[in-house]
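Enquirer: This one is target_30.cif, mmCIF, C-alpha atoms.
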```
data_input
#
loop_
_atom_site.label_atom_id
_atom_site.label_comp_id
_atom_site.auth_asym_id
_atom_site.auth_seq_id
_atom_site.Cartn_x
_atom_site.Cartn_y
_atom_site.Cartn_z
CA MET Q 1183 0.00 0.00 0.00
CA SER Q 1184 1.29 3.44 -0.81
CA GLY Q 1185 1.67 6.16 1.73
CA SER Q 1186 -1.15 8.06 0.09
CA GLY Q 1187 -3.62 5.45 1.25
CA MET Q 1188 -4.48 4.46 -2.30
CA PRO Q 1189 -5.74 0.87 -2.48
CA GLY Q 1190 -6.17 -1.47 -5.39
CA HIS Q 1191 -9.22 -2.46 -7.39
CA VAL Q 1192 -12.53 -3.42 -5.85
CA ALA Q 1193 -14.76 -6.07 -7.42
CA HIS Q 1194 -18.51 -5.86 -7.01
CA ASP Q 1195 -19.14 -9.48 -6.04
CA THR Q 1196 -22.79 -9.13 -5.13
CA ALA Q 1197 -25.00 -11.77 -3.59
CA ARG Q 1198 -25.74 -12.99 -7.09
CA GLU Q 1199 -21.95 -13.46 -7.45
CA GLY Q 1200 -21.38 -11.42 -10.56
CA ARG Q 1201 -17.71 -10.34 -10.78
CA THR Q 1202 -17.33 -6.76 -11.88
CA GLY Q 1203 -13.99 -4.94 -12.06
CA VAL Q 1204 -13.90 -1.31 -11.09
CA ALA Q 1205 -11.28 1.39 -10.84
CA PRO Q 1206 -9.33 1.65 -7.58
CA LEU Q 1207 -10.95 3.33 -4.62
CA PRO Q 1208 -8.80 6.16 -3.25
CA GLY Q 1209 -8.35 7.11 0.36
CA ARG Q 1210 -8.22 3.71 2.09
CA ASP Q 1211 -5.42 1.40 3.23
CA GLY Q 1212 -7.85 -1.41 3.93
CA PRO Q 1213 -9.57 -4.22 2.02
CA THR Q 1214 -9.74 -4.11 -1.73
CA GLU Q 1215 -10.34 -6.65 -4.40
CA PRO Q 1216 -9.30 -6.47 -8.05
CA ALA Q 1217 -11.13 -7.94 -10.99
CA GLY Q 1218 -10.03 -11.52 -11.43
CA ALA Q 1219 -7.71 -11.64 -8.40
CA PRO Q 1220 -8.25 -11.48 -4.64
CA ASP Q 1221 -5.93 -8.61 -3.72
CA GLU Q 1222 -3.41 -6.38 -5.40
CA PRO Q 1223 -1.82 -2.99 -4.61
CA GLY Q 1224 -2.78 0.42 -5.87
CA HIS Q 1225 -3.04 2.26 -9.13
CA PRO Q 1226 -1.89 5.68 -10.36
CA CYS Q 1227 -5.26 7.41 -10.18
CA ARG Q 1228 -5.22 10.62 -8.20
CA ASP Q 1229 -6.18 10.59 -4.53
CA GLY Q 1230 -8.36 13.01 -2.61
CA HIS Q 1231 -9.24 15.14 -5.65
CA ALA Q 1232 -12.43 17.01 -4.86
CA GLY Q 1233 -13.08 17.87 -8.51
CA ARG Q 1234 -16.41 18.77 -10.05
CA VAL Q 1235 -19.16 16.31 -9.24
CA HIS Q 1236 -21.71 15.42 -11.89
CA ASP Q 1237 -24.93 14.87 -9.99
CA PRO Q 1238 -27.14 12.15 -11.51
CA ALA Q 1239 -29.90 12.50 -8.91
CA GLY Q 1240 -33.24 12.41 -10.61
CA GLU Q 1241 -31.80 10.92 -13.81
CA ASP Q 1242 -33.00 7.45 -12.86
CA GLY Q 1243 -36.48 8.36 -14.10
CA THR Q 1244 -37.87 8.81 -10.58
CA GLY Q 1245 -37.33 12.56 -10.27
CA ARG Q 1246 -36.04 12.06 -6.74
CA SER Q 1247 -33.77 14.77 -5.32
CA HIS Q 1248 -31.25 15.22 -2.52
CA ASP Q 1249 -33.93 16.77 -0.32
CA GLU Q 1250 -36.10 13.69 -0.36
CA MET Q 1251 -35.80 10.97 2.22
CA ARG Q 1252 -35.24 7.52 0.79
CA ASP Q 1253 -35.38 4.38 2.93
CA GLY Q 1254 -35.25 6.50 6.08
CA VAL Q 1255 -32.00 8.22 5.08
CA GLU Q 1256 -31.63 11.97 4.92
CA GLU Q 1257 -28.79 14.49 4.96
CA VAL Q 1258 -27.96 15.59 8.49
CA ARG Q 1259 -24.76 17.03 9.94
CA PRO Q 1260 -24.61 15.91 13.59
CA VAL Q 1261 -21.68 16.68 15.84
CA VAL Q 1262 -19.75 13.48 16.56
CA VAL Q 1263 -17.27 13.43 19.44
CA PRO Q 1264 -13.79 12.08 18.58
CA ALA Q 1265 -14.21 8.88 20.60
CA LEU Q 1266 -17.42 8.00 18.76
CA ALA Q 1267 -15.88 8.86 15.39
CA ALA Q 1268 -12.97 6.53 16.16
CA ALA Q 1269 -15.36 3.75 17.16
CA LEU Q 1270 -17.37 4.18 13.95
CA ALA Q 1271 -14.17 4.12 11.90
CA HIS Q 1272 -13.00 0.93 13.60
CA GLU Q 1273 -16.34 -0.78 12.99
CA LEU Q 1274 -16.46 0.19 9.32
CA VAL Q 1275 -12.91 -1.04 8.67
CA ARG Q 1276 -13.55 -4.24 10.62
CA ARG Q 1277 -16.65 -5.01 8.59
CA ALA Q 1278 -14.99 -4.25 5.26
CA ASP Q 1279 -12.07 -6.48 6.27
CA GLU Q 1280 -14.51 -9.28 7.08
CA ASP Q 1281 -16.12 -8.88 3.64
CA GLN Q 1282 -12.71 -9.25 2.04
CA LYS Q 1283 -11.87 -12.25 4.19
CA VAL Q 1284 -14.99 -14.26 3.33
CA THR Q 1285 -14.75 -13.26 -0.34
CA ARG Q 1286 -11.17 -14.49 -0.59
CA ALA Q 1287 -12.18 -17.74 1.09
CA ALA Q 1288 -14.96 -18.18 -1.47
CA HIS Q 1289 -12.51 -17.59 -4.33
CA ARG Q 1290 -10.21 -20.28 -2.95
CA SER Q 1291 -13.07 -22.72 -2.33
CA PRO Q 1292 -16.25 -21.72 -4.23
CA THR Q 1293 -18.70 -23.82 -2.27
CA GLN Q 1294 -22.34 -23.13 -1.51
CA ILE Q 1295 -21.44 -22.54 2.14
CA ALA Q 1296 -18.82 -19.97 1.17
CA ARG Q 1297 -21.27 -18.14 -1.07
CA ARG Q 1298 -23.83 -18.11 1.73
CA ARG Q 1299 -21.26 -16.62 4.09
CA ILE Q 1300 -20.59 -13.79 1.63
CA ALA Q 1301 -24.30 -13.03 1.36
CA GLU Q 1302 -24.77 -13.11 5.14
CA CYS Q 1303 -21.73 -10.92 5.71
CA ARG Q 1304 -22.91 -8.31 3.21
CA ARG Q 1305 -26.45 -8.25 4.55
CA GLY Q 1306 -25.14 -7.69 8.06
CA ASN Q 1307 -22.71 -5.03 6.89
CA ALA Q 1308 -25.46 -3.22 5.00
CA GLU Q 1309 -27.71 -3.17 8.07
CA ALA Q 1310 -24.89 -1.82 10.21
CA LEU Q 1311 -24.13 0.88 7.64
CA LYS Q 1312 -27.82 1.84 7.49
CA THR Q 1313 -27.79 2.38 11.24
CA ILE Q 1314 -24.66 4.52 11.04
CA VAL Q 1315 -26.05 6.64 8.21
CA LYS Q 1316 -29.40 7.18 9.93
CA ARG Q 1317 -27.74 8.24 13.17
CA HIS Q 1318 -24.68 10.11 11.94
CA ALA Q 1319 -25.19 10.84 8.19
CA TRP Q 1320 -22.86 9.41 5.56
CA PRO Q 1321 -19.46 8.57 7.15
CA THR Q 1322 -17.37 11.13 5.29
CA SER Q 1323 -13.60 11.45 5.38
CA ASP Q 1324 -13.80 14.45 7.68
CA LEU Q 1325 -15.98 12.46 10.09
CA VAL Q 1326 -14.29 9.03 10.27
CA GLY Q 1327 -11.12 9.44 8.22
CA ALA Q 1328 -10.35 8.47 4.63
CA PRO Q 1329 -9.73 4.71 5.19
CA ALA Q 1330 -13.00 4.21 7.06
CA SER Q 1331 -14.97 6.35 4.60
CA THR Q 1332 -13.70 4.20 1.74
CA ALA Q 1333 -14.53 1.08 3.77
CA ALA Q 1334 -18.09 2.43 4.04
CA LEU Q 1335 -18.20 2.85 0.28
CA MET Q 1336 -17.06 -0.74 -0.23
CA ILE Q 1337 -19.81 -1.93 2.12
CA LEU Q 1338 -22.34 0.19 0.25
CA LEU Q 1339 -21.29 -1.13 -3.17
CA HIS Q 1340 -21.81 -4.68 -1.89
CA ALA Q 1341 -25.11 -3.94 -0.15
CA PRO Q 1342 -28.08 -5.97 -1.48
CA ASP Q 1343 -30.38 -2.94 -1.34
CA LEU Q 1344 -30.57 -0.63 -4.35
CA ASP Q 1345 -32.88 1.88 -2.63
CA PHE Q 1346 -30.32 2.32 0.14
CA GLN Q 1347 -27.55 2.68 -2.44
CA LEU Q 1348 -29.55 5.37 -4.28
CA ALA Q 1349 -30.15 7.28 -1.05
CA CYS Q 1350 -26.48 7.15 -0.11
CA ARG Q 1351 -25.47 8.10 -3.66
CA ASP Q 1352 -27.23 11.41 -3.13
CA LEU Q 1353 -25.59 11.92 0.28
CA ILE Q 1354 -22.17 11.12 -1.17
CA ALA Q 1355 -22.76 13.52 -4.08
CA GLN Q 1356 -23.43 16.34 -1.64
CA ALA Q 1357 -20.47 15.39 0.56
CA ALA Q 1358 -18.15 15.31 -2.44
CA ALA Q 1359 -19.43 18.68 -3.63
CA ASP Q 1360 -18.72 20.06 -0.15
CA GLY Q 1361 -15.22 18.57 -0.11
CA ARG Q 1362 -16.02 16.17 2.74
CA CYS Q 1363 -15.18 13.02 0.79
CA PRO Q 1364 -13.20 12.29 -2.39
CA ALA Q 1365 -15.08 12.94 -5.63
CA PRO Q 1366 -14.18 9.43 -6.93
CA HIS Q 1367 -16.40 7.98 -4.21
CA HIS Q 1368 -19.37 9.59 -5.92
CA ALA Q 1369 -18.19 8.31 -9.30
CA TYR Q 1370 -18.17 4.70 -8.09
CA ILE Q 1371 -21.61 4.74 -6.49
CA ALA Q 1372 -23.15 6.78 -9.33
CA ASP Q 1373 -21.90 4.25 -11.89
CA HIS Q 1374 -22.96 1.32 -9.73
CA CYS Q 1375 -26.50 2.64 -9.40
CA ALA Q 1376 -26.74 3.50 -13.09
CA VAL Q 1377 -25.74 -0.03 -14.12
CA GLU Q 1378 -28.14 -1.59 -11.61
CA LEU Q 1379 -30.93 0.58 -13.06
CA GLY Q 1380 -30.05 -0.53 -16.60
CA GLN Q 1381 -28.77 2.92 -17.56
CA PRO Q 1382 -25.45 4.06 -19.08
CA GLN Q 1383 -22.83 4.85 -16.48
CA PHE Q 1384 -21.16 8.24 -16.13
CA TYR Q 1385 -17.49 7.46 -15.47
CA GLY Q 1386 -16.87 3.93 -16.78
CA THR Q 1387 -15.82 2.49 -13.42
CA ARG Q 1388 -17.89 -0.70 -13.73
CA VAL Q 1389 -16.62 -3.43 -16.01
CA ASP Q 1390 -18.66 -6.30 -17.41
CA PRO Q 1391 -16.96 -9.53 -16.24
CA ALA Q 1392 -18.23 -11.38 -19.31
CA THR Q 1393 -16.58 -9.04 -21.81
CA PHE Q 1394 -13.99 -7.35 -19.58
CA ARG Q 1395 -15.14 -4.04 -21.02
CA PRO Q 1396 -16.95 -1.19 -19.25
CA TYR Q 1397 -20.72 -1.34 -19.19
CA PRO Q 1398 -22.26 1.22 -21.60
CA VAL Q 1399 -21.21 4.80 -20.92
CA ARG Q 1400 -23.14 7.94 -21.76
CA GLN Q 1401 -21.43 10.47 -24.03
CA PRO Q 1402 -18.25 8.40 -24.54
CA ARG Q 1403 -16.43 11.24 -26.32
CA THR Q 1404 -16.29 13.29 -23.13
CA LEU Q 1405 -15.75 10.34 -20.75
CA ASP Q 1406 -12.11 11.03 -19.93
CA GLU Q 1407 -12.90 14.68 -19.33
CA ARG Q 1408 -15.53 13.68 -16.77
CA ARG Q 1409 -13.15 11.17 -15.21
CA GLY Q 1410 -10.50 13.85 -14.91
CA ASP Q 1411 -12.98 16.19 -13.26
CA VAL Q 1412 -13.40 13.75 -10.37
CA GLY Q 1413 -9.77 12.69 -10.09
CA LEU Q 1414 -9.89 9.43 -12.06
CA CYS Q 1415 -7.25 8.45 -14.60
CA PRO Q 1416 -8.17 8.00 -18.30
CA LEU Q 1417 -10.24 4.91 -19.07
CA ASP Q 1418 -7.48 3.29 -21.17
CA GLU Q 1419 -5.14 3.52 -18.19
CA GLN Q 1420 -7.74 1.97 -15.90
CA MET Q 1421 -8.35 -0.91 -18.30
CA ARG Q 1422 -4.63 -1.49 -18.81
CA ALA Q 1423 -4.15 -1.72 -15.05
CA LEU Q 1424 -7.08 -4.13 -14.72
CA ARG Q 1425 -5.68 -6.38 -17.46
CA LEU Q 1426 -2.28 -6.43 -15.75
CA GLY Q 1427 -3.87 -7.02 -12.36
CA VAL Q 1428 -2.20 -3.91 -10.93
#
```
Please lay out the structure from this file as structure tokens.
Expert:
Amino acid sequence: MSGSGMPGHVAHDTAREGRTGVAPLPGRDGPTEPAGAPDEPGHPCRDGHAGRVHDPAGEDGTGRSHDEMRDGVEEVRPVVVPALAAALAHELVRRADEDQKVTRAAHRSPTQIARRRIAECRRGNAEALKTIVKRHAWPTSDLVGAPASTAALMILLHAPDLDFQLACRDLIAQAAADGRCPAPHHAYIADHCAVELGQPQFYGTRVDPATFRPYPVRQPRTLDERRGDVGLCPLDEQMRALRLGV
């Protein structure tokens, strides 16, 4: 792991066990998972870049906005004492580490029991994250630190609850716009939600495991410009790193 806290690739192994490569998540020294391999080090995408955030809220055909409450989640800015923030950070990292542990075990021995353990782990992690978000808002970098905030994103990407992911997408968009979490965090969850909704993604961070190419992207000609705006490297560089397992 580099001193910048820049991890490797994260694969969206959901409960339905689809393997999806994505670009590396910045700002965390904890669990990561590349496409096609259990764990590898980082990648030369920029870290902590606030950038300009493209906000896809309402583009899912629902017309829902940041101000609406979805699945009991709304934007609040409570004051969290340092001891509580440290405890939240520890719990988020612990849970993300457990996700990585059971996923690696399933890769080594892909049994029905191992797959069930992944699903149970991710359901439990999602419920814990829901509680944290409802009580303390989205766990931003300024609240729990960059590693724990990225751990929260990993938990969210693996959560078997699209409504919760959509709600948190909006919270993360606002936090990124305010400089309270890295703009790439919004890119990952925005793309994840778009693909799950059957829509073109914005930044090309999700890769189809069947073709090893990004899922459809809107306005491909300006893709790298959008990626640069949020601190992501050009798509060709991302794909080259994924192919090399970097």
Enquirer: Could you check the closest approach to Q:Val1275 for each of Q:Arg1298, Q:Met1336, Q:Trp1320, Q:Ser1291 and tell me which residue wins, using only C-alpha atoms?
Expert: Q:Met1336
Enquirer: Taking the file as shown, what set of residues would the PyMOL selection byres ((chain Q and resi 1312) around 12) give back, as an NGL selection string?
Expert: :Q and (1252-1256 or 1274 or 1305-1311 or 1313-1321 or 1334 or 1337-1338 or 1341-1343 or 1345-1347 or 1349-1350)
Enquirer: Excluding same-chain residues fewer than 2 positions from Q:Leu1405, what lies within 8 Å of it counting all atoms listed in the file, as a ChimeraX atom specification?
Expert: /Q:1384-1386,1399-1403,1407-1409,1417
Enquirer: Quick one: residues within 8 Å of Q:Ala1268, all atoms listed in the file, excluding same-chain residues fewer than 4 positions away - as an MDAnalysis selection string?
Expert: chainID Q and resid 1264 1272 1326
Enquirer: Using only C-alpha atoms, please write the residues we just selected to a file, as an mmCIF file, keeping the file's coordinate frame.
Expert:
```cif
data_model
loop_
_atom_site.group_PDB
_atom_site.id
_atom_site.type_symbol
_atom_site.label_atom_id
_atom_site.label_comp_id
_atom_site.auth_asym_id
_atom_site.auth_seq_id
_atom_site.Cartn_x
_atom_site.Cartn_y
_atom_site.Cartn_z
ATOM 1 C CA PRO Q 1264 -13.790 12.080 18.580
ATOM 2 C CA HIS Q 1272 -13.000 0.930 13.600
ATOM 3 C CA VAL Q 1326 -14.290 9.030 10.270
#
```
Enquirer: So the first atom is atom CA of Q:Ala1333 and the second is atom CA of Q:Leu1379; what is the distance between them in Å, to one decimal place?
Expert: 23.5 Å
Enquirer: So the first atom is atom CA of Q:Ala1365 and the second is atom CA of Q:Leu1424; what is the distance between them in Å, to one decimal place?
Expert: 20.9 Å
Enquirer: For this structure, which residues satisfy the selection - the PyMOL selection byres ((chain Q and resi 1351) around 10) - when it is evaluated on the file as given? I want them as a ChimeraX atom specification.
Expert: /Q:1237-1239,1248,1320,1335,1338,1345-1350,1352-1357,1367-1375
Enquirer: Do you have the atom CA of Q:Asp1324-atom CA of Q:Arg1277 distance handy?
Expert: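 Separating atom CA of Q:Asp1324 from atom CA of Q:Arg1277 is a distance of 19.7 Å.
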Enquirer: Please determine, counting only C-alpha atoms, which residue among Q:Asp1411, Q:Arg1425, Q:Glu1378, Q:Ala1278 has the shortest atom-to-atom distance to Q:Tyr1397.
Expert: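 Result for the nearest residue to Q:Tyr1397: Q:Glu1378.
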Enquirer: For Q:Pro1416, which of Q:Thr1404, Q:Leu1325, Q:Arg1290, Q:Val1263 is the closest residue, counting only C-alpha atoms?
Expert: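 Ranked by minimum distance to Q:Pro1416, first place goes to Q:Thr1404.
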Enquirer: Which residue, Q:Gln1381, Q:Ser1323, Q:Gln1420, Q:Gln1294, has the smallest gap to Q:Phe1394 when you use all atoms listed in the file?
Expert: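 That would be Q:Gln1420, the residue with the smallest distance to Q:Phe1394.
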Enquirer: Can you sort out the box for stretch 1274-1281 of chain Q, edges along x, y and z, all listed atoms in, 6 Å on every side, with centre and edge lengths in Å to one decimal, as AutoDock Vina command-line options?
Expert:
```
--center_x -14.4 --center_y -4.5 --center_z 7.1 --size_x 16.6 --size_y 21.5 --size_z 19.0
```
Enquirer: Using only C-alpha atoms, which residues sit within 10 Å of Q:Arg1276 once same-chain residues fewer than 4 positions away are excluded, as a list of chain:residue names?
Expert: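 Returned residues: Q:Gly1212, Q:Pro1213, Q:Leu1270, Q:Ala1271, Q:His1272, Q:Glu1280, Q:Asp1281, Q:Gln1282, Q:Asn1307, Q:Ala1330, Q:Ala1333.
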